[in-house]
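Asks: Please find work.cif (mmCIF, C-alpha atoms) on the next line:
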```cif
data_model
loop_
_atom_site.label_atom_id
_atom_site.label_comp_id
_atom_site.auth_asym_id
_atom_site.auth_seq_id
_atom_site.Cartn_x
_atom_site.Cartn_y
_atom_site.Cartn_z
CA MET A 164 -41.75 -27.95 5.39
CA ALA A 165 -43.98 -27.15 2.42
CA LYS A 166 -42.37 -27.13 -1.01
CA ALA A 167 -41.35 -23.67 -2.23
CA ARG A 168 -42.03 -22.43 -5.78
CA LEU A 169 -39.92 -19.98 -7.77
CA ASP A 170 -42.41 -17.19 -7.09
CA GLU A 171 -42.62 -17.96 -3.35
CA PRO A 172 -41.78 -14.94 -1.12
CA LEU A 173 -38.51 -15.51 0.73
CA ARG A 174 -40.10 -14.62 4.06
CA LYS A 175 -42.23 -17.78 3.85
CA VAL A 176 -39.11 -19.96 3.54
CA LEU A 177 -36.44 -18.05 5.49
CA GLY A 178 -38.39 -15.99 8.00
CA ASP A 179 -38.93 -12.25 8.20
CA LYS A 180 -35.48 -11.17 9.50
CA THR A 181 -33.36 -12.96 6.89
CA ALA A 182 -35.76 -12.17 4.07
CA LYS A 183 -35.77 -8.48 5.02
CA ALA A 184 -31.94 -8.33 5.02
CA LEU A 185 -31.80 -9.98 1.58
CA THR A 186 -34.43 -7.62 0.21
CA GLN A 187 -32.83 -4.47 1.62
CA GLY A 188 -29.26 -5.50 0.82
CA LEU A 189 -29.69 -7.18 -2.55
CA GLY A 190 -33.24 -6.50 -3.72
CA LEU A 191 -34.15 -10.20 -3.54
CA GLU A 192 -37.76 -10.98 -2.68
CA THR A 193 -38.58 -14.42 -4.09
CA VAL A 194 -37.11 -17.92 -4.17
CA GLY A 195 -36.34 -17.55 -7.87
CA GLU A 196 -34.50 -14.27 -7.36
CA LEU A 197 -32.32 -15.82 -4.65
CA LEU A 198 -31.51 -18.85 -6.80
CA HIS A 199 -30.45 -16.48 -9.59
CA HIS A 200 -28.12 -14.57 -7.23
CA TYR A 201 -24.96 -16.49 -8.13
CA PRO A 202 -21.68 -16.69 -6.19
CA ARG A 203 -19.10 -14.15 -7.35
CA ARG A 204 -16.37 -16.76 -7.08
CA TYR A 205 -15.50 -20.08 -5.45
CA ALA A 206 -12.77 -21.05 -3.00
CA HIS A 207 -11.73 -24.27 -1.34
CA ARG A 208 -10.77 -24.56 2.28
CA GLY A 209 -7.15 -25.37 1.47
CA GLU A 210 -6.85 -22.16 -0.53
CA LEU A 211 -5.63 -18.96 1.15
CA THR A 212 -6.60 -15.77 -0.65
CA PRO A 213 -3.52 -13.50 -1.05
CA LEU A 214 -3.56 -10.61 1.42
CA SER A 215 -0.54 -8.93 -0.14
CA GLY A 216 -2.53 -7.46 -3.04
CA LEU A 217 -5.45 -5.95 -1.10
CA ARG A 218 -6.14 -2.26 -1.70
CA ASP A 219 -7.70 0.47 0.42
CA GLY A 220 -11.44 0.81 -0.03
CA GLU A 221 -11.96 -2.71 -1.38
CA GLN A 222 -14.86 -4.77 -0.10
CA VAL A 223 -13.17 -8.13 0.34
CA THR A 224 -13.77 -11.66 1.52
CA VAL A 225 -10.55 -13.41 2.49
CA MET A 226 -9.61 -16.71 4.05
CA ALA A 227 -6.82 -16.51 6.61
CA GLU A 228 -5.49 -17.97 9.86
CA VAL A 229 -5.38 -16.21 13.22
CA VAL A 230 -1.83 -15.80 14.51
CA LYS A 231 -2.23 -13.28 17.36
CA VAL A 232 -5.01 -12.03 19.64
CA GLN A 233 -4.61 -9.18 22.11
CA GLY A 234 -6.84 -6.67 23.85
CA ARG A 235 -5.85 -3.06 24.40
CA LYS A 236 -7.40 -0.36 26.56
CA LEU A 237 -8.18 2.98 24.97
CA THR A 238 -8.26 6.42 26.58
CA ARG A 239 -11.44 7.28 24.70
CA LYS A 240 -14.74 5.54 24.25
CA PRO A 241 -15.47 2.68 23.71
CA ASN A 242 -12.38 2.19 25.94
CA TYR A 243 -11.26 -1.16 24.52
CA VAL A 244 -10.18 -2.71 21.24
CA LEU A 245 -9.64 -6.39 20.48
CA GLU A 246 -6.86 -6.69 17.90
CA ILE A 247 -6.62 -9.94 15.95
CA THR A 248 -3.82 -10.51 13.43
CA VAL A 249 -4.41 -12.98 10.60
CA THR A 250 -2.18 -14.26 7.81
CA ASP A 251 -2.44 -16.24 4.61
CA GLY A 252 1.30 -16.78 4.17
CA THR A 253 1.68 -13.81 1.79
CA GLY A 254 0.86 -10.99 4.18
CA GLU A 255 -0.88 -9.98 7.38
CA LEU A 256 -4.13 -8.18 8.14
CA ARG A 257 -5.39 -6.65 11.40
CA LEU A 258 -8.98 -7.19 12.53
CA ASN A 259 -10.18 -4.59 15.04
CA PHE A 260 -13.25 -4.99 17.23
CA PHE A 261 -14.09 -2.00 19.43
CA GLY A 262 -16.23 -2.27 22.57
CA ARG A 263 -16.09 -3.28 26.21
CA THR A 264 -13.68 -5.84 27.63
CA GLY A 265 -15.05 -9.33 27.10
CA SER A 266 -18.04 -8.08 25.15
CA TYR A 267 -17.20 -9.60 21.78
CA ARG A 268 -17.64 -13.15 20.53
CA PRO A 269 -14.39 -12.97 18.51
CA GLU A 270 -12.48 -13.32 21.79
CA ARG A 271 -13.97 -16.80 22.10
CA ASP A 272 -14.41 -17.69 18.42
CA LEU A 273 -11.00 -16.71 17.03
CA PRO A 274 -8.10 -18.03 19.13
CA PRO A 275 -4.67 -18.40 17.45
CA GLY A 276 -4.66 -21.23 14.90
CA THR A 277 -8.27 -20.68 13.83
CA ARG A 278 -8.91 -20.47 10.10
CA ALA A 279 -11.88 -18.41 8.97
CA LEU A 280 -13.47 -16.34 6.23
CA PHE A 281 -13.47 -12.59 6.91
CA ALA A 282 -15.44 -9.93 5.05
CA GLY A 283 -15.33 -6.14 5.22
CA LYS A 284 -13.79 -2.98 3.82
CA ILE A 285 -10.00 -2.62 3.74
CA ASN A 286 -8.43 0.53 5.15
CA THR A 287 -4.91 1.47 6.21
CA TYR A 288 -3.81 3.42 9.27
CA ARG A 289 -0.58 4.35 11.00
CA PRO A 290 -0.51 3.78 14.78
CA ARG A 291 0.52 6.74 16.92
CA GLY A 292 4.30 6.69 17.19
CA GLY A 293 4.62 3.89 14.64
CA ARG A 294 6.45 3.99 11.33
CA ASP A 295 4.69 1.19 9.48
CA GLU A 296 1.17 1.39 8.07
CA ILE A 297 -1.24 -1.38 9.07
CA ARG A 298 -4.04 -2.73 6.91
CA GLN A 299 -7.21 -3.53 8.78
CA LEU A 300 -10.81 -4.64 8.69
CA ALA A 301 -12.88 -2.93 11.39
CA HIS A 302 -15.65 -5.11 12.82
CA PRO A 303 -15.50 -7.62 9.92
CA GLN A 304 -18.09 -10.29 9.43
CA TYR A 305 -16.54 -13.72 9.84
CA LYS A 306 -17.24 -17.41 9.56
CA VAL A 307 -14.99 -19.96 11.28
CA VAL A 308 -13.88 -22.89 9.13
CA ALA A 309 -13.95 -25.83 11.52
CA ALA A 310 -11.21 -28.45 11.25
CA LYS A 311 -11.94 -32.18 11.33
CA GLY A 312 -9.99 -34.96 12.94
CA ALA A 313 -9.56 -38.02 10.75
CA GLN A 314 -7.26 -37.87 7.74
CA GLU A 315 -10.05 -38.64 5.27
CA ALA A 316 -12.33 -36.03 6.83
CA ALA A 317 -9.51 -33.48 6.86
CA GLN A 318 -8.89 -34.01 3.15
CA GLU A 319 -12.58 -33.71 2.41
CA TRP A 320 -12.66 -30.49 4.44
CA ALA A 321 -9.64 -29.08 2.61
CA ASP A 322 -11.09 -29.89 -0.83
CA GLU A 323 -14.64 -28.64 -0.21
CA ILE A 324 -15.74 -25.96 -2.64
CA ILE A 325 -17.06 -22.83 -0.92
CA PRO A 326 -19.31 -20.44 -2.88
CA ILE A 327 -18.38 -16.83 -2.02
CA TYR A 328 -21.32 -14.43 -2.11
CA PRO A 329 -21.07 -10.65 -1.66
CA SER A 330 -21.59 -9.69 1.98
CA VAL A 331 -24.87 -8.08 2.98
CA LYS A 332 -25.42 -5.69 5.88
CA GLY A 333 -27.38 -7.46 8.58
CA LEU A 334 -26.24 -10.97 7.62
CA ASP A 335 -23.00 -12.81 8.34
CA ILE A 336 -21.03 -14.03 5.35
CA GLY A 337 -22.29 -17.60 5.61
CA ALA A 338 -25.96 -16.64 5.82
CA ILE A 339 -26.54 -16.29 2.07
CA GLY A 340 -25.19 -19.77 1.38
CA THR A 341 -27.28 -21.15 4.25
CA SER A 342 -30.36 -19.40 2.88
CA VAL A 343 -29.75 -20.79 -0.61
CA GLY A 344 -29.36 -24.27 0.88
CA MET A 345 -32.68 -23.95 2.72
CA VAL A 346 -34.37 -22.85 -0.51
CA LEU A 347 -32.84 -25.71 -2.52
CA ASP A 348 -33.91 -28.25 0.10
CA SER A 349 -37.51 -27.02 0.00
CA PHE A 350 -37.69 -26.15 -3.69
CA ASP A 351 -40.37 -27.70 -5.90
CA LEU A 352 -39.41 -27.13 -9.54
CA GLY A 353 -42.30 -29.09 -10.97
CA ASP A 354 -41.90 -29.97 -14.64
CA ASP A 355 -38.55 -28.88 -16.07
CA PRO A 356 -39.02 -25.95 -18.48
CA LEU A 357 -37.15 -27.85 -21.20
CA PRO A 358 -38.58 -31.22 -22.34
CA GLN A 359 -36.41 -34.24 -21.68
CA LEU A 360 -35.87 -34.94 -25.39
CA THR A 361 -34.63 -31.38 -25.96
CA ARG A 362 -32.23 -31.62 -23.01
CA LYS A 363 -30.90 -34.95 -24.24
CA ARG A 364 -30.48 -33.73 -27.82
CA HIS A 365 -28.41 -30.72 -26.78
CA GLY A 366 -26.65 -32.28 -23.79
CA PHE A 367 -28.32 -29.95 -21.29
CA ILE A 368 -28.73 -30.86 -17.64
CA GLY A 369 -32.00 -30.28 -15.79
CA LEU A 370 -32.75 -26.96 -14.11
CA ARG A 371 -32.57 -28.38 -10.59
CA ASP A 372 -29.18 -29.95 -11.34
CA ALA A 373 -28.05 -26.59 -12.73
CA TYR A 374 -29.04 -24.77 -9.53
CA GLU A 375 -27.31 -27.43 -7.43
CA GLY A 376 -24.17 -27.21 -9.56
CA ILE A 377 -24.00 -23.43 -9.21
CA HIS A 378 -24.74 -23.14 -5.50
CA ARG A 379 -23.51 -26.50 -4.13
CA PRO A 380 -20.90 -27.80 -6.59
CA GLN A 381 -19.29 -31.10 -5.69
CA THR A 382 -16.36 -30.88 -8.12
CA TRP A 383 -14.46 -28.16 -9.96
CA GLU A 384 -15.42 -29.87 -13.23
CA GLN A 385 -19.03 -28.89 -12.58
CA LEU A 386 -17.96 -25.25 -12.66
CA GLY A 387 -16.01 -25.61 -15.89
#
```
What is this file in structure tokens?
Replies:
Amino acid sequence: MAKARLDEPLRKVLGDKTAKALTQGLGLETVGELLHHYPRRYAHRGELTPLSGLRDGEQVTVMAEVVKVQGRKLTRKPNYVLEITVTDGTGELRLNFFGRTGSYRPERDLPPGTRALFAGKINTYRPRGGRDEIRQLAHPQYKVVAAKGAQEAAQEWADEIIPIYPSVKGLDIGAIGTSVGMVLDSFDLGDDPLPQLTRKRHGFIGLRDAYEGIHRPQTWEQLG
């Protein structure tokens, strides 16, 4: 792959579909603009975002574990809803996917015990005949967090720092991080804007190291 410059159009690095979604959703058109679109926060895989404090109308990204999966027929179109209940230990959240029986990947991707990131807009509803209100995400975007086997690998997995970017219509919640990674791997900075002597005098790191530290931090100290 050819090296990408800061002014390189994203479509040349990421392809037309992804570049179009980033442009329409976030107004990002070049490599430099994507690299300056920073994560809104960071999580680690061992961390479960509290569900108990979520409010109606919030656009959220949460990490939770699937505890129940069941399909239910409806008397009206689309005639079927897949209901998935997730928890983080502080509360529960319902994920609803409407469609035809067996038509949704979540039935295969999200069996009980699966931990994943989920993104969408929170709303509350009261089932017919029920007394308790239920908080839900309808058709949320999701990204499964795959477990690893060996103890060392499991610890590494649990401690990994995950940049959380705002979700974008047309892209799943992991696509922005993947796109940033592709850009970083093909990025040609050229000469650093600040001379080496200036960086050394003021204790500054190089620009490439700064981008790496923001988008692919290896330790929490890098973010401090």
Asks: For Leu300 in chain A, which residue out of A:Glu255, A:Asp170, A:Glu270, A:Asp354 is the nearest one, using only C-alpha atoms?
Replies: A:Glu255
Asks: Tell me which of A:Arg204, A:Arg362, A:Lys284, A:Arg168 sits closest to Pro303 in chain A, counting all atoms listed in the file.
Replies: A:Lys284
Asks: Would you kindly return, as a list in words, each protein, DNA or RNA residue with an atom no farther than 9 Å from any atom of Pro202 in chain A, considering only C-alpha atoms and excluding same-chain residues fewer than 4 positions away?
Replies: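 Residues meeting the cut-off are Pro326, Ile327, Tyr328, Pro329, Gly340, Ile377 and His378 of chain A.
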Asks: Can you give me, as number ranges by chain, the residues this file yields under the PyMOL selection byres ((chain A and resi 226-235) around 8)?
Replies: A: 210-212, 224-225, 236-237, 243-251, 264, 270, 273-281
Asks: Just give me the residues with any atom within 12 Å of (-18.7, -27.6, -8.5), file coordinates, counting all atoms listed in the file, written as a ChimeraX atom specification.
Replies: /A:202,204-207,322-326,372-387
Asks: Taking the file as shown, find all residues satisfying the PyMOL selection byres ((chain A and resi 333) around 9) and write them as an MDAnalysis selection string.
Replies: chainID A and resid 180:181 184:185 188 331:332 334:335
Asks: To one decimal place, how far is CA of Asp348 in chain A from CA of Val307 in chain A in Å?
Replies: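 Computing the Euclidean distance for CA of Asp348 in chain A and CA of Val307 in chain A yields 23.5 Å.
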Asks: Check the smallest atom-to-atom distance from each of A:Lys306, A:Lys166, A:Arg268, A:Arg298 to Phe350 in chain A using all atoms listed in the file, then report the winner.
Replies: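 When distances to Phe350 in chain A are compared using all atoms listed in the file, the smallest one comes from A:Lys166.
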Asks: Would you kindly return, as a list in words, each protein, DNA or RNA residue with an atom no farther than 9 Å from any atom of His200 in chain A, considering all atoms listed in the file and excluding same-chain residues fewer than 4 positions away?
Replies: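 Near His200 in chain A, the qualifying residues are Leu189, Leu191, Gly195, Glu196 and Tyr328 of chain A.
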Asks: When the PyMOL selection byres ((chain A and resi 167) around 8) is applied to the file above, which residues end up in the set, as a list in words?
Replies: Ala165, Lys166, Arg168, Leu169, Glu171, Val176, Val194, Val346, Ser349, Phe350 and Asp351 of chain A
Asks: Please indicate the distance in Å from CA of Asn286 in chain A to CA of Thr186 in chain A, rounded to one decimal place.
Replies: 27.7 Å
Asks: Could you tell me how far CA of Ala338 in chain A sits from CA of Gly254 in chain A, in Å to one decimal place?
Replies: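 Calculated distance between CA of Gly254 in chain A and CA of Ala338 in chain A is 27.5 Å.
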Asks: List as a PDB file with C-alpha atoms, in the coordinates of the input the protein and nucleic acid residues near Thr287 in chain A, meaning an atom at most 12 Å away when only C-alpha atoms are counted, but skip any in the same chain fewer than 3 places from it.
Replies:
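Saved to out14.pdb:
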```pdb
ATOM      1  CA  LEU A 217      -5.450  -5.950  -1.100  1.00  0.00           C
ATOM      2  CA  ARG A 218      -6.140  -2.260  -1.700  1.00  0.00           C
ATOM      3  CA  ASP A 219      -7.700   0.470   0.420  1.00  0.00           C
ATOM      4  CA  GLY A 220     -11.440   0.810  -0.030  1.00  0.00           C
ATOM      5  CA  GLU A 221     -11.960  -2.710  -1.380  1.00  0.00           C
ATOM      6  CA  LEU A 256      -4.130  -8.180   8.140  1.00  0.00           C
ATOM      7  CA  ARG A 257      -5.390  -6.650  11.400  1.00  0.00           C
ATOM      8  CA  LEU A 258      -8.980  -7.190  12.530  1.00  0.00           C
ATOM      9  CA  ASN A 259     -10.180  -4.590  15.040  1.00  0.00           C
ATOM     10  CA  LYS A 284     -13.790  -2.980   3.820  1.00  0.00           C
ATOM     11  CA  PRO A 290      -0.510   3.780  14.780  1.00  0.00           C
ATOM     12  CA  ASP A 295       4.690   1.190   9.480  1.00  0.00           C
ATOM     13  CA  GLU A 296       1.170   1.390   8.070  1.00  0.00           C
ATOM     14  CA  ILE A 297      -1.240  -1.380   9.070  1.00  0.00           C
ATOM     15  CA  ARG A 298      -4.040  -2.730   6.910  1.00  0.00           C
ATOM     16  CA  GLN A 299      -7.210  -3.530   8.780  1.00  0.00           C
ATOM     17  CA  LEU A 300     -10.810  -4.640   8.690  1.00  0.00           C
ATOM     18  CA  ALA A 301     -12.880  -2.930  11.390  1.00  0.00           C
TER      19      ALA A 301
END
```
Asks: Given all atoms listed in the file as the basis, pick out the residue of A:Leu177, A:His302, A:His365, A:Ala282 nearest to Phe261 in chain A.
Replies: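 Of all the options, A:His302 lies closest to Phe261 in chain A.
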Asks: Kindly output range 329-340 of chain A as a JSON list (two decimals), in the frame of the given file, after building N, CA, C and O atoms.
Replies:
```json
[["chain", "number", "residue", "atom", "x", "y", "z"],
["A", 329, "PRO", "N", -21.32, -11.97, -2.22],
["A", 329, "PRO", "CA", -21.07, -10.65, -1.66],
["A", 329, "PRO", "C", -21.72, -10.53, -0.29],
["A", 329, "PRO", "O", -22.79, -11.07, -0.04],
["A", 330, "SER", "N", -21.03, -9.85, 0.64],
["A", 330, "SER", "CA", -21.59, -9.69, 1.98],
["A", 330, "SER", "C", -22.77, -8.72, 1.94],
["A", 330, "SER", "O", -22.87, -7.86, 1.08],
["A", 331, "VAL", "N", -23.66, -8.89, 2.89],
["A", 331, "VAL", "CA", -24.87, -8.08, 2.98],
["A", 331, "VAL", "C", -24.99, -7.56, 4.41],
["A", 331, "VAL", "O", -24.83, -8.32, 5.37],
["A", 332, "LYS", "N", -25.24, -6.27, 4.56],
["A", 332, "LYS", "CA", -25.42, -5.69, 5.88],
["A", 332, "LYS", "C", -26.58, -6.37, 6.58],
["A", 332, "LYS", "O", -27.67, -6.54, 6.02],
["A", 333, "GLY", "N", -26.34, -6.80, 7.81],
["A", 333, "GLY", "CA", -27.38, -7.46, 8.58],
["A", 333, "GLY", "C", -27.31, -8.97, 8.55],
["A", 333, "GLY", "O", -28.03, -9.64, 9.28],
["A", 334, "LEU", "N", -26.41, -9.53, 7.70],
["A", 334, "LEU", "CA", -26.24, -10.97, 7.62],
["A", 334, "LEU", "C", -24.76, -11.31, 7.68],
["A", 334, "LEU", "O", -23.93, -10.60, 7.09],
["A", 335, "ASP", "N", -24.39, -12.39, 8.38],
["A", 335, "ASP", "CA", -23.00, -12.81, 8.34],
["A", 335, "ASP", "C", -22.70, -13.46, 7.00],
["A", 335, "ASP", "O", -23.61, -13.77, 6.23],
["A", 336, "ILE", "N", -21.42, -13.65, 6.71],
["A", 336, "ILE", "CA", -21.03, -14.03, 5.35],
["A", 336, "ILE", "C", -21.44, -15.44, 4.97],
["A", 336, "ILE", "O", -21.44, -15.79, 3.79],
["A", 337, "GLY", "N", -21.82, -16.26, 5.95],
["A", 337, "GLY", "CA", -22.29, -17.60, 5.61],
["A", 337, "GLY", "C", -23.80, -17.68, 5.45],
["A", 337, "GLY", "O", -24.32, -18.70, 5.02],
["A", 338, "ALA", "N", -24.50, -16.58, 5.78],
["A", 338, "ALA", "CA", -25.96, -16.64, 5.82],
["A", 338, "ALA", "C", -26.58, -16.78, 4.43],
["A", 338, "ALA", "O", -27.62, -17.41, 4.29],
["A", 339, "ILE", "N", -25.96, -16.18, 3.40],
["A", 339, "ILE", "CA", -26.54, -16.29, 2.07],
["A", 339, "ILE", "C", -26.48, -17.74, 1.59],
["A", 339, "ILE", "O", -27.45, -18.28, 1.07],
["A", 340, "GLY", "N", -25.32, -18.37, 1.77],
["A", 340, "GLY", "CA", -25.19, -19.77, 1.38],
["A", 340, "GLY", "C", -26.15, -20.67, 2.14],
["A", 340, "GLY", "O", -26.75, -21.59, 1.57]]
```
